[in-house]
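Just upload_2.pdb here, PDB, C-alpha atoms and all ligand atoms:
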```pdb
MODEL        1
ATOM      1  CA  MET A   1     -13.454  82.338 182.375
ATOM      2  CA  ASP A   2     -11.069  81.184 179.645
ATOM      3  CA  ALA A   3      -8.607  78.444 180.426
ATOM      4  CA  GLU A   4      -6.431  79.519 177.552
ATOM      5  CA  LEU A   5      -2.699  80.048 177.512
ATOM      6  CA  PHE A   6      -2.939  83.130 175.310
ATOM      7  CA  PRO A   7      -5.753  85.576 175.963
ATOM      8  CA  ARG A   8      -7.890  86.400 172.941
ATOM      9  CA  GLU A   9      -6.971  89.801 171.578
ATOM     10  CA  ARG A  10      -8.875  92.695 170.084
ATOM     11  CA  THR A  11      -8.813  92.262 166.298
ATOM     12  CA  GLN A  12      -9.669  94.437 163.355
ATOM     13  CA  VAL A  13     -11.483  91.930 161.155
ATOM     14  CA  ALA A  14     -11.969  94.367 158.262
ATOM     15  CA  PRO A  15     -11.681  98.154 157.937
ATOM     16  CA  GLY A  16     -14.242  99.554 160.402
ATOM     17  CA  ALA A  17     -14.989  96.119 161.901
ATOM     18  CA  VAL A  18     -13.544  95.347 165.337
ATOM     19  CA  HIS A  19     -13.904  92.328 167.633
ATOM     20  CA  VAL A  20     -13.267  92.860 171.343
ATOM     21  CA  PRO A  21     -13.270  89.583 173.308
ATOM     22  CA  GLY A  22     -14.677  89.740 176.835
ATOM     23  CA  TRP A  23     -15.781  93.380 176.618
ATOM     24  CA  LEU A  24     -18.628  92.845 179.090
ATOM     25  CA  ALA A  25     -17.609  91.698 182.568
ATOM     26  CA  ALA A  26     -19.511  88.794 184.150
ATOM     27  CA  ASP A  27     -21.760  91.066 186.245
ATOM     28  CA  SER A  28     -22.676  93.221 183.235
ATOM     29  CA  GLN A  29     -23.493  90.082 181.246
ATOM     30  CA  GLY A  30     -25.826  88.989 184.046
ATOM     31  CA  GLU A  31     -27.567  92.374 184.093
ATOM     32  CA  LEU A  32     -27.984  92.406 180.324
ATOM     33  CA  LEU A  33     -29.367  88.860 180.424
ATOM     34  CA  ASP A  34     -31.907  89.849 183.101
ATOM     35  CA  ALA A  35     -33.018  92.751 180.910
ATOM     36  CA  CYS A  36     -33.320  90.459 177.847
ATOM     37  CA  ARG A  37     -35.548  88.103 179.854
ATOM     38  CA  GLU A  38     -37.891  91.004 180.639
ATOM     39  CA  TRP A  39     -37.909  92.221 177.030
ATOM     40  CA  ALA A  40     -38.678  88.692 175.810
ATOM     41  CA  ARG A  41     -41.986  88.601 177.701
ATOM     42  CA  PRO A  42     -45.230  89.425 175.902
ATOM     43  CA  PRO A  43     -46.696  91.748 174.800
ATOM     44  CA  ALA A  44     -44.296  92.558 171.942
ATOM     45  CA  GLY A  45     -42.054  89.740 173.222
ATOM     46  CA  LEU A  46     -39.859  87.090 171.620
ATOM     47  CA  ARG A  47     -41.323  85.924 168.321
ATOM     48  CA  THR A  48     -40.604  83.718 165.331
ATOM     49  CA  VAL A  49     -39.874  85.850 162.272
ATOM     50  CA  ARG A  50     -41.499  84.837 159.000
ATOM     51  CA  THR A  51     -39.754  85.769 155.766
ATOM     52  CA  PRO A  52     -41.664  86.828 152.620
ATOM     53  CA  GLY A  53     -40.671  83.593 150.843
ATOM     54  CA  GLY A  54     -42.660  81.564 153.390
ATOM     55  CA  GLY A  55     -39.723  80.499 155.537
ATOM     56  CA  THR A  56     -39.049  81.183 159.190
ATOM     57  CA  MET A  57     -35.901  82.418 160.866
ATOM     58  CA  THR A  58     -34.500  79.882 163.313
ATOM     59  CA  ALA A  59     -33.308  82.536 165.770
ATOM     60  CA  ARG A  60     -36.265  84.055 167.611
ATOM     61  CA  GLN A  61     -36.312  87.810 167.994
ATOM     62  CA  VAL A  62     -37.516  90.741 170.061
ATOM     63  CA  CYS A  63     -36.979  94.418 169.225
ATOM     64  CA  LEU A  64     -36.722  97.634 171.211
ATOM     65  CA  GLY A  65     -37.331 101.186 169.980
ATOM     66  CA  ARG A  66     -38.622 100.162 166.568
ATOM     67  CA  HIS A  67     -39.929  96.824 165.439
ATOM     68  CA  TRP A  68     -37.911  95.213 162.658
ATOM     69  CA  TYR A  69     -39.706  92.872 160.275
ATOM     70  CA  PRO A  70     -38.617  91.636 156.823
ATOM     71  CA  TYR A  71     -37.800  94.236 155.564
ATOM     72  CA  GLY A  72     -38.472  97.460 157.401
ATOM     73  CA  TYR A  73     -39.218  99.096 160.748
ATOM     74  CA  ALA A  74     -42.548  99.791 162.437
ATOM     75  CA  ARG A  75     -43.806 101.185 165.752
ATOM     76  CA  THR A  76     -45.856  98.084 166.514
ATOM     77  CA  VAL A  77     -45.357  94.342 166.054
ATOM     78  CA  VAL A  78     -47.007  94.359 162.627
ATOM     79  CA  ASP A  79     -46.147  90.706 161.957
ATOM     80  CA  GLY A  80     -46.968  89.459 165.469
ATOM     81  CA  ASP A  81     -49.275  90.443 168.326
ATOM     82  CA  GLY A  82     -49.685  94.033 167.082
ATOM     83  CA  ALA A  83     -48.534  95.515 170.400
ATOM     84  CA  PRO A  84     -46.403  98.685 170.550
ATOM     85  CA  VAL A  85     -42.701  97.883 170.498
ATOM     86  CA  LYS A  86     -40.979  98.184 173.884
ATOM     87  CA  PRO A  87     -38.999 101.396 174.492
ATOM     88  CA  PHE A  88     -35.261 101.547 173.888
ATOM     89  CA  PRO A  89     -33.653 102.333 177.263
ATOM     90  CA  GLY A  90     -31.157 105.183 177.609
ATOM     91  CA  TRP A  91     -28.602 102.991 179.415
ATOM     92  CA  LEU A  92     -28.443 100.643 176.424
ATOM     93  CA  GLY A  93     -27.782 103.602 174.148
ATOM     94  CA  GLU A  94     -24.944 104.726 176.418
ATOM     95  CA  LEU A  95     -23.457 101.214 176.257
ATOM     96  CA  GLY A  96     -23.585 101.416 172.456
ATOM     97  CA  ARG A  97     -21.895 104.821 172.338
ATOM     98  CA  ARG A  98     -19.162 103.631 174.669
ATOM     99  CA  ALA A  99     -18.615 100.546 172.489
ATOM    100  CA  VAL A 100     -18.113 102.703 169.397
ATOM    101  CA  LEU A 101     -15.872 105.231 171.134
ATOM    102  CA  GLU A 102     -13.640 102.438 172.449
ATOM    103  CA  THR A 103     -13.376 100.620 169.120
ATOM    104  CA  LEU A 104     -13.639 103.075 166.252
ATOM    105  CA  GLY A 105     -13.110 106.282 168.229
ATOM    106  CA  GLU A 106     -15.986 107.988 166.419
ATOM    107  CA  PRO A 107     -18.492 110.014 168.388
ATOM    108  CA  PRO A 108     -21.578 108.002 167.395
ATOM    109  CA  GLU A 109     -25.095 109.243 166.877
ATOM    110  CA  PRO A 110     -27.580 108.221 169.583
ATOM    111  CA  TYR A 111     -28.645 104.602 169.318
ATOM    112  CA  ASP A 112     -32.406 104.078 169.231
ATOM    113  CA  ILE A 113     -33.006 100.471 168.133
ATOM    114  CA  ALA A 114     -32.061  97.049 169.472
ATOM    115  CA  LEU A 115     -32.650  93.672 167.853
ATOM    116  CA  ILE A 116     -32.251  90.783 170.246
ATOM    117  CA  ASN A 117     -31.854  87.326 168.733
ATOM    118  CA  PHE A 118     -32.151  84.124 170.731
ATOM    119  CA  TYR A 119     -30.413  81.057 169.308
ATOM    120  CA  GLU A 120     -31.069  77.568 170.549
ATOM    121  CA  ALA A 121     -28.696  74.761 169.535
ATOM    122  CA  GLU A 122     -29.850  74.329 165.935
ATOM    123  CA  ALA A 123     -30.509  77.996 165.214
ATOM    124  CA  ARG A 124     -28.386  80.035 162.851
ATOM    125  CA  MET A 125     -28.634  83.138 160.685
ATOM    126  CA  GLY A 126     -28.000  83.324 156.958
ATOM    127  CA  MET A 127     -25.700  85.876 155.348
ATOM    128  CA  HIS A 128     -27.424  89.266 155.155
ATOM    129  CA  ARG A 129     -26.744  92.984 155.409
ATOM    130  CA  ASP A 130     -28.259  95.294 158.025
ATOM    131  CA  SER A 131     -29.601  97.696 155.436
ATOM    132  CA  ASP A 132     -33.044  98.817 156.641
ATOM    133  CA  GLU A 133     -31.608 101.750 158.655
ATOM    134  CA  LYS A 134     -31.348 105.264 157.239
ATOM    135  CA  SER A 135     -28.100 105.985 159.080
ATOM    136  CA  ASP A 136     -24.543 104.869 158.458
ATOM    137  CA  ALA A 137     -23.740 104.764 162.209
ATOM    138  CA  PRO A 138     -21.887 101.594 163.212
ATOM    139  CA  VAL A 139     -23.802  98.506 164.334
ATOM    140  CA  VAL A 140     -22.864  97.344 167.842
ATOM    141  CA  SER A 141     -23.209  93.628 168.594
ATOM    142  CA  LEU A 142     -23.055  92.052 172.068
ATOM    143  CA  SER A 143     -23.152  88.308 172.706
ATOM    144  CA  LEU A 144     -24.290  86.327 175.746
ATOM    145  CA  GLY A 145     -24.265  82.613 176.488
ATOM    146  CA  ASP A 146     -23.163  79.981 173.998
ATOM    147  CA  THR A 147     -20.234  80.554 171.660
ATOM    148  CA  CYS A 148     -21.000  80.894 167.950
ATOM    149  CA  VAL A 149     -19.239  81.231 164.633
ATOM    150  CA  PHE A 150     -19.878  84.739 163.329
ATOM    151  CA  ARG A 151     -19.116  84.997 159.624
ATOM    152  CA  PHE A 152     -18.094  88.483 158.571
ATOM    153  CA  GLY A 153     -17.916  88.984 154.835
ATOM    154  CA  ASN A 154     -17.735  91.717 152.249
ATOM    155  CA  THR A 155     -20.146  94.336 150.955
ATOM    156  CA  GLY A 156     -20.531  92.826 147.487
ATOM    157  CA  THR A 157     -21.521  89.170 147.841
ATOM    158  CA  ARG A 158     -22.854  86.641 150.353
ATOM    159  CA  THR A 159     -19.834  84.468 149.661
ATOM    160  CA  ARG A 160     -16.054  84.649 150.092
ATOM    161  CA  PRO A 161     -13.998  86.471 151.041
ATOM    162  CA  TYR A 162     -15.175  86.285 154.640
ATOM    163  CA  THR A 163     -13.647  85.813 158.065
ATOM    164  CA  ASP A 164     -15.051  83.427 160.669
ATOM    165  CA  VAL A 165     -14.811  84.833 164.178
ATOM    166  CA  GLU A 166     -15.748  82.998 167.360
ATOM    167  CA  LEU A 167     -18.087  85.165 169.436
ATOM    168  CA  ARG A 168     -18.311  84.179 173.074
ATOM    169  CA  SER A 169     -20.291  85.453 176.009
ATOM    170  CA  GLY A 170     -19.352  89.069 176.721
ATOM    171  CA  ASP A 171     -17.750  89.701 173.321
ATOM    172  CA  LEU A 172     -18.297  92.941 171.429
ATOM    173  CA  PHE A 173     -18.264  93.266 167.653
ATOM    174  CA  VAL A 174     -18.652  96.674 166.021
ATOM    175  CA  PHE A 175     -19.003  97.234 162.294
ATOM    176  CA  GLY A 176     -19.144 100.655 160.705
ATOM    177  CA  GLY A 177     -17.506 102.789 158.038
ATOM    178  CA  PRO A 178     -16.542 100.740 154.966
ATOM    179  CA  SER A 179     -17.852  97.580 156.693
ATOM    180  CA  ARG A 180     -21.259  98.955 157.706
ATOM    181  CA  LEU A 181     -23.045  97.151 154.867
ATOM    182  CA  ALA A 182     -20.930  93.987 154.850
ATOM    183  CA  TYR A 183     -22.745  90.655 154.639
ATOM    184  CA  HIS A 184     -22.608  88.674 157.868
ATOM    185  CA  GLY A 185     -24.278  85.677 159.476
ATOM    186  CA  VAL A 186     -24.130  82.981 162.130
ATOM    187  CA  PRO A 187     -23.518  79.538 160.574
ATOM    188  CA  ARG A 188     -23.105  77.718 163.868
ATOM    189  CA  VAL A 189     -23.816  77.859 167.595
ATOM    190  CA  TYR A 190     -21.944  75.528 169.947
ATOM    191  CA  ALA A 191     -24.536  74.297 172.440
ATOM    192  CA  GLY A 192     -23.559  74.169 176.085
ATOM    193  CA  THR A 193     -20.477  76.404 175.746
ATOM    194  CA  GLY A 194     -21.717  79.475 177.638
ATOM    195  CA  PRO A 195     -20.315  80.363 181.060
ATOM    196  CA  PRO A 196     -22.156  78.135 183.563
ATOM    197  CA  GLU A 197     -22.475  80.980 186.094
ATOM    198  CA  LEU A 198     -24.490  83.055 183.599
ATOM    199  CA  GLY A 199     -27.279  80.481 183.628
ATOM    200  CA  LEU A 200     -28.338  80.775 179.977
ATOM    201  CA  ALA A 201     -29.003  77.743 177.777
ATOM    202  CA  GLY A 202     -28.532  79.073 174.243
ATOM    203  CA  ARG A 203     -27.119  82.262 172.802
ATOM    204  CA  LEU A 204     -28.407  85.822 172.878
ATOM    205  CA  ASN A 205     -27.136  88.512 170.546
ATOM    206  CA  ILE A 206     -28.070  92.128 171.038
ATOM    207  CA  THR A 207     -27.438  94.461 168.098
ATOM    208  CA  LEU A 208     -27.755  98.200 168.604
ATOM    209  CA  ARG A 209     -28.453 100.419 165.635
ATOM    210  CA  VAL A 210     -29.220 104.016 164.775
ATOM    211  CA  SER A 211     -32.464 104.085 162.797
ATOM    212  CA  GLY A 212     -32.033 107.492 161.159
ATOM    213  CA  LEU A 213     -35.849 107.414 160.864
TER     214      LEU A 213
HETATM  215  O1  LIG A 301     -26.389  86.943 166.186
HETATM  216  C1  LIG A 301     -25.513  87.632 165.675
HETATM  217  O2  LIG A 301     -24.355  87.643 166.093
HETATM  218  C2  LIG A 301     -25.845  88.460 164.452
HETATM  219  C3  LIG A 301     -27.221  89.040 164.458
HETATM  220  C4  LIG A 301     -27.489  89.858 163.236
HETATM  221  O3  LIG A 301     -26.722  89.876 162.324
HETATM  222  C5  LIG A 301     -28.704  90.681 163.145
HETATM  223  O4  LIG A 301     -29.528  90.685 164.065
HETATM  224  O5  LIG A 301     -28.859  91.373 162.134
HETATM  225 FE    FE A 302     -27.208  91.474 160.971
ENDMDL
END
```
Show this structure as structure tokens.
Amino acid sequence: MDAELFPRERTQVAPGAVHVPGWLAADSQGELLDACREWARPPAGLRTVRTPGGGTMTARQVCLGRHWYPYGYARTVVDGDGAPVKPFPGWLGELGRRAVLETLGEPPEPYDIALINFYEAEARMGMHRDSDEKSDAPVVSLSLGDTCVFRFGNTGTRTRPYTDVELRSGDLFVFGGPSRLAYHGVPRVYAGTGPPELGLAGRLNITLRVSGL
């Protein structure tokens, strides 16, 4: 997949925050993409998220297990079609637990929520913290399709210090422990950079979380 002289290596970006390039093999990426396509269908499918200030998020989103909206969780799509949120599948939870065991070595609590974001070329995500969960279990992030810049910052401010990491198709990023509430965002997506054989125009990110609810 990568025509690079030096393979990208697993990196600890901050304490409790680990990037694993190419964690998902090509066939697993294809299976996860197929599942995302099903989840994106209505009812309770891909939607544009409106923020309380009157803005809209540029990445479109679909949730599993619990519906996230700014700023909380619900059982139904309270800010969309009102349908019950789709169930969170057991196999996705197992993938999340394996990701945490292989990166942080912690036996994680069972995952029960997924947020799936779809980024087209101009989409991005501002610096924010994932702070609507009532659990300190690590967040597991999986990327498919186009490469992006993932900005991973600190727990105190939306600004520096931060580290920019390139997330490509199949990459895993886990953040827990002292980094669980770090600010992070996606300032840039590089259109047309995904693996051609995957057949996805754009970028999908799947974050797995423990709700603690
Ligand atoms: O797209 C990404 O890599 C990040 C997504 C994210 O931070 C979120 O859904 O809270
Ligand atoms: Fe986030």
Q.
Tell me which residues come within 6 Å of (-30.0, 103.8, 170.2), as a PyMOL selection string, counting all atoms listed in the file in the file's coordinates.
A. chain A and resi 93+110-113+209-210
Residues matched by the PyMOL selection byres (((chain A and resi 161-176) around 7) and not hetatm) as an mmCIF file with C-alpha atoms, in the frame of the given file:
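Result written to part33.cif:
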```
data_model
loop_
_atom_site.group_PDB
_atom_site.id
_atom_site.type_symbol
_atom_site.label_atom_id
_atom_site.label_comp_id
_atom_site.auth_asym_id
_atom_site.auth_seq_id
_atom_site.Cartn_x
_atom_site.Cartn_y
_atom_site.Cartn_z
ATOM 1 C CA GLY A 16 -14.242 99.554 160.402
ATOM 2 C CA ALA A 17 -14.989 96.119 161.901
ATOM 3 C CA VAL A 18 -13.544 95.347 165.337
ATOM 4 C CA HIS A 19 -13.904 92.328 167.633
ATOM 5 C CA VAL A 20 -13.267 92.860 171.343
ATOM 6 C CA PRO A 21 -13.270 89.583 173.308
ATOM 7 C CA GLY A 22 -14.677 89.740 176.835
ATOM 8 C CA TRP A 23 -15.781 93.380 176.618
ATOM 9 C CA LEU A 24 -18.628 92.845 179.090
ATOM 10 C CA ALA A 25 -17.609 91.698 182.568
ATOM 11 C CA GLN A 29 -23.493 90.082 181.246
ATOM 12 C CA VAL A 100 -18.113 102.703 169.397
ATOM 13 C CA ALA A 137 -23.740 104.764 162.209
ATOM 14 C CA PRO A 138 -21.887 101.594 163.212
ATOM 15 C CA VAL A 139 -23.802 98.506 164.334
ATOM 16 C CA VAL A 140 -22.864 97.344 167.842
ATOM 17 C CA SER A 141 -23.209 93.628 168.594
ATOM 18 C CA LEU A 142 -23.055 92.052 172.068
ATOM 19 C CA SER A 143 -23.152 88.308 172.706
ATOM 20 C CA LEU A 144 -24.290 86.327 175.746
ATOM 21 C CA GLY A 145 -24.265 82.613 176.488
ATOM 22 C CA ASP A 146 -23.163 79.981 173.998
ATOM 23 C CA THR A 147 -20.234 80.554 171.660
ATOM 24 C CA CYS A 148 -21.000 80.894 167.950
ATOM 25 C CA VAL A 149 -19.239 81.231 164.633
ATOM 26 C CA PHE A 150 -19.878 84.739 163.329
ATOM 27 C CA ARG A 151 -19.116 84.997 159.624
ATOM 28 C CA PHE A 152 -18.094 88.483 158.571
ATOM 29 C CA GLY A 153 -17.916 88.984 154.835
ATOM 30 C CA ASN A 154 -17.735 91.717 152.249
ATOM 31 C CA THR A 159 -19.834 84.468 149.661
ATOM 32 C CA ARG A 160 -16.054 84.649 150.092
ATOM 33 C CA GLY A 177 -17.506 102.789 158.038
ATOM 34 C CA PRO A 178 -16.542 100.740 154.966
ATOM 35 C CA SER A 179 -17.852 97.580 156.693
ATOM 36 C CA ARG A 180 -21.259 98.955 157.706
ATOM 37 C CA GLY A 194 -21.717 79.475 177.638
#
```
Using only C-alpha atoms and all ligand atoms, find each residue in chain A having at least one atom no more than 8 Å away from ligand LIG 301 (chain A); report its shortest atom-to-atom pair and that distance in Å (one decimal), rows by chain then rising number, as JSON lines.
```
{"residue": "A:Leu115", "atom": "CA", "partner": "A:LIG301", "partner_atom": "O4", "distance": 5.7}
{"residue": "A:Ile116", "atom": "CA", "partner": "A:LIG301", "partner_atom": "O4", "distance": 6.8}
{"residue": "A:Asn117", "atom": "CA", "partner": "A:LIG301", "partner_atom": "O1", "distance": 6.0}
{"residue": "A:Phe118", "atom": "CA", "partner": "A:LIG301", "partner_atom": "O1", "distance": 7.9}
{"residue": "A:Tyr119", "atom": "CA", "partner": "A:LIG301", "partner_atom": "O1", "distance": 7.8}
{"residue": "A:Arg124", "atom": "CA", "partner": "A:LIG301", "partner_atom": "O1", "distance": 7.9}
{"residue": "A:Met125", "atom": "CA", "partner": "A:LIG301", "partner_atom": "O1", "distance": 7.1}
{"residue": "A:His128", "atom": "CA", "partner": "A:LIG301", "partner_atom": "O3", "distance": 7.2}
{"residue": "A:Arg129", "atom": "CA", "partner": "A:LIG301", "partner_atom": "O5", "distance": 7.2}
{"residue": "A:Asp130", "atom": "CA", "partner": "A:LIG301", "partner_atom": "O5", "distance": 5.7}
{"residue": "A:Ser141", "atom": "CA", "partner": "A:LIG301", "partner_atom": "O2", "distance": 6.6}
{"residue": "A:Leu142", "atom": "CA", "partner": "A:LIG301", "partner_atom": "O2", "distance": 7.5}
{"residue": "A:Ser143", "atom": "CA", "partner": "A:LIG301", "partner_atom": "O2", "distance": 6.8}
{"residue": "A:Cys148", "atom": "CA", "partner": "A:LIG301", "partner_atom": "O2", "distance": 7.8}
{"residue": "A:Phe150", "atom": "CA", "partner": "A:LIG301", "partner_atom": "O2", "distance": 6.0}
{"residue": "A:Leu167", "atom": "CA", "partner": "A:LIG301", "partner_atom": "O2", "distance": 7.5}
{"residue": "A:His184", "atom": "CA", "partner": "A:LIG301", "partner_atom": "O3", "distance": 6.2}
{"residue": "A:Gly185", "atom": "CA", "partner": "A:LIG301", "partner_atom": "O3", "distance": 5.6}
{"residue": "A:Val186", "atom": "CA", "partner": "A:LIG301", "partner_atom": "C1", "distance": 6.0}
{"residue": "A:Leu204", "atom": "CA", "partner": "A:LIG301", "partner_atom": "O1", "distance": 7.1}
{"residue": "A:Asn205", "atom": "CA", "partner": "A:LIG301", "partner_atom": "O1", "distance": 4.7}
{"residue": "A:Ile206", "atom": "CA", "partner": "A:LIG301", "partner_atom": "O4", "distance": 7.3}
{"residue": "A:Thr207", "atom": "CA", "partner": "A:LIG301", "partner_atom": "O4", "distance": 5.9}
```
**Q.** Option closest in space to ligand FE 302 (chain A), from A:Lys86, A:Ala74, A:Gly156, A:Trp68 [counting all atoms listed in the file]
**A.**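 Of A:Lys86, A:Ala74, A:Gly156, A:Trp68, the one nearest ligand FE 302 (chain A) is A:Trp68, counting all atoms listed in the file.
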Q) So, counting only C-alpha atoms and all ligand atoms, which residue among A:Leu198, A:Cys63, A:Gly126, A:Gly96 is closest to ligand FE 302 (chain A)? A) A:Gly126
(Q) Once the PyMOL selection byres (((chain A and resi 76) around 10) and not hetatm) has been evaluated on this model, what residues remain selected, and can you format them as a list in words? (A)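 Checking the PyMOL selection byres (((chain A and resi 76) around 10) and not hetatm) against this file, the residues are Ala44, Cys63, Gly65, Arg66, His67, Trp68, Tyr73, Ala74, Arg75, Val77, Val78, Asp79, Gly80, Asp81, Gly82, Ala83, Pro84, Val85 and Lys86 of chain A.
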Create the file for the chosen residues now, containing C-alpha atoms and written as a PDB file, in the frame of the given file.
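Here's the written file again-v6.pdb:
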```
ATOM      1  CA  ALA A  44     -44.296  92.558 171.942  1.00  0.00           C
ATOM      2  CA  CYS A  63     -36.979  94.418 169.225  1.00  0.00           C
ATOM      3  CA  GLY A  65     -37.331 101.186 169.980  1.00  0.00           C
ATOM      4  CA  ARG A  66     -38.622 100.162 166.568  1.00  0.00           C
ATOM      5  CA  HIS A  67     -39.929  96.824 165.439  1.00  0.00           C
ATOM      6  CA  TRP A  68     -37.911  95.213 162.658  1.00  0.00           C
ATOM      7  CA  TYR A  73     -39.218  99.096 160.748  1.00  0.00           C
ATOM      8  CA  ALA A  74     -42.548  99.791 162.437  1.00  0.00           C
ATOM      9  CA  ARG A  75     -43.806 101.185 165.752  1.00  0.00           C
ATOM     10  CA  VAL A  77     -45.357  94.342 166.054  1.00  0.00           C
ATOM     11  CA  VAL A  78     -47.007  94.359 162.627  1.00  0.00           C
ATOM     12  CA  ASP A  79     -46.147  90.706 161.957  1.00  0.00           C
ATOM     13  CA  GLY A  80     -46.968  89.459 165.469  1.00  0.00           C
ATOM     14  CA  ASP A  81     -49.275  90.443 168.326  1.00  0.00           C
ATOM     15  CA  GLY A  82     -49.685  94.033 167.082  1.00  0.00           C
ATOM     16  CA  ALA A  83     -48.534  95.515 170.400  1.00  0.00           C
ATOM     17  CA  PRO A  84     -46.403  98.685 170.550  1.00  0.00           C
ATOM     18  CA  VAL A  85     -42.701  97.883 170.498  1.00  0.00           C
ATOM     19  CA  LYS A  86     -40.979  98.184 173.884  1.00  0.00           C
TER      20      LYS A  86
END
```
**Q.** Using only C-alpha atoms and all ligand atoms: which of A:Leu101, A:Asp34, A:Ala114, A:Pro108 has the shortest distance to ligand FE 302 (chain A)
**A.**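 Closest to ligand FE 302 (chain A) of all the choices is A:Ala114.
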Could you list the residues chosen by the PyMOL selection byres (((chain A and resi 39) around 10) and not hetatm) in this structure as a PDB file with C-alpha atoms, keeping the file's coordinate frame?
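The resulting file, result_24.pdb, is reproduced below:
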```
ATOM      1  CA  LEU A  33     -29.367  88.860 180.424  1.00  0.00           C
ATOM      2  CA  ASP A  34     -31.907  89.849 183.101  1.00  0.00           C
ATOM      3  CA  ALA A  35     -33.018  92.751 180.910  1.00  0.00           C
ATOM      4  CA  CYS A  36     -33.320  90.459 177.847  1.00  0.00           C
ATOM      5  CA  ARG A  37     -35.548  88.103 179.854  1.00  0.00           C
ATOM      6  CA  GLU A  38     -37.891  91.004 180.639  1.00  0.00           C
ATOM      7  CA  ALA A  40     -38.678  88.692 175.810  1.00  0.00           C
ATOM      8  CA  ARG A  41     -41.986  88.601 177.701  1.00  0.00           C
ATOM      9  CA  PRO A  42     -45.230  89.425 175.902  1.00  0.00           C
ATOM     10  CA  PRO A  43     -46.696  91.748 174.800  1.00  0.00           C
ATOM     11  CA  ALA A  44     -44.296  92.558 171.942  1.00  0.00           C
ATOM     12  CA  GLY A  45     -42.054  89.740 173.222  1.00  0.00           C
ATOM     13  CA  LEU A  46     -39.859  87.090 171.620  1.00  0.00           C
ATOM     14  CA  VAL A  62     -37.516  90.741 170.061  1.00  0.00           C
ATOM     15  CA  CYS A  63     -36.979  94.418 169.225  1.00  0.00           C
ATOM     16  CA  LEU A  64     -36.722  97.634 171.211  1.00  0.00           C
ATOM     17  CA  VAL A  85     -42.701  97.883 170.498  1.00  0.00           C
ATOM     18  CA  LYS A  86     -40.979  98.184 173.884  1.00  0.00           C
ATOM     19  CA  PRO A  87     -38.999 101.396 174.492  1.00  0.00           C
ATOM     20  CA  ILE A 116     -32.251  90.783 170.246  1.00  0.00           C
TER      21      ILE A 116
END
```
Could you work out an axis-aligned bounding box for all listed atoms of range 123-134 of chain A, with 8 Å added on each of the six sides, and give its centre and edge lengths in Å to one decimal, as AutoDock Vina command-line options?
```
--center_x -29.4 --center_y 91.6 --center_z 160.2 --size_x 23.3 --size_y 43.3 --size_z 26.1
```
Need to verify the contact set: Arg50 in chain A, 12 Å, all atoms listed in the file, exclusion of same-chain residues closer than 2 positions in sequence. Can you return it as a short mmCIF file (atom, residue, chain, number, x, y, z; two decimals) with C-alpha atoms, in the coordinates of the input?
```
data_model
loop_
_atom_site.label_atom_id
_atom_site.label_comp_id
_atom_site.auth_asym_id
_atom_site.auth_seq_id
_atom_site.Cartn_x
_atom_site.Cartn_y
_atom_site.Cartn_z
CA ARG A 47 -41.32 85.92 168.32
CA THR A 48 -40.60 83.72 165.33
CA PRO A 52 -41.66 86.83 152.62
CA GLY A 53 -40.67 83.59 150.84
CA GLY A 54 -42.66 81.56 153.39
CA GLY A 55 -39.72 80.50 155.54
CA THR A 56 -39.05 81.18 159.19
CA MET A 57 -35.90 82.42 160.87
CA THR A 58 -34.50 79.88 163.31
CA ALA A 59 -33.31 82.54 165.77
CA ARG A 60 -36.26 84.06 167.61
CA GLN A 61 -36.31 87.81 167.99
CA TRP A 68 -37.91 95.21 162.66
CA TYR A 69 -39.71 92.87 160.28
CA PRO A 70 -38.62 91.64 156.82
CA TYR A 71 -37.80 94.24 155.56
CA VAL A 78 -47.01 94.36 162.63
CA ASP A 79 -46.15 90.71 161.96
CA GLY A 80 -46.97 89.46 165.47
#
```
Q: In Å, rounded to a single decimal, give me how far CA of Glu4 in chain A is from CA of Glu197 in chain A.
A: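 Spanning CA of Glu197 in chain A to CA of Glu4 in chain A is a straight-line distance of 18.2 Å.
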Q | Residue among A:Val13, A:Ala99, A:Leu213, A:Leu208 lying closest to ligand FE 302 (chain A), counting only C-alpha atoms and all ligand atoms | A |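 Ranked by minimum distance to ligand FE 302 (chain A), first place goes to A:Leu208.
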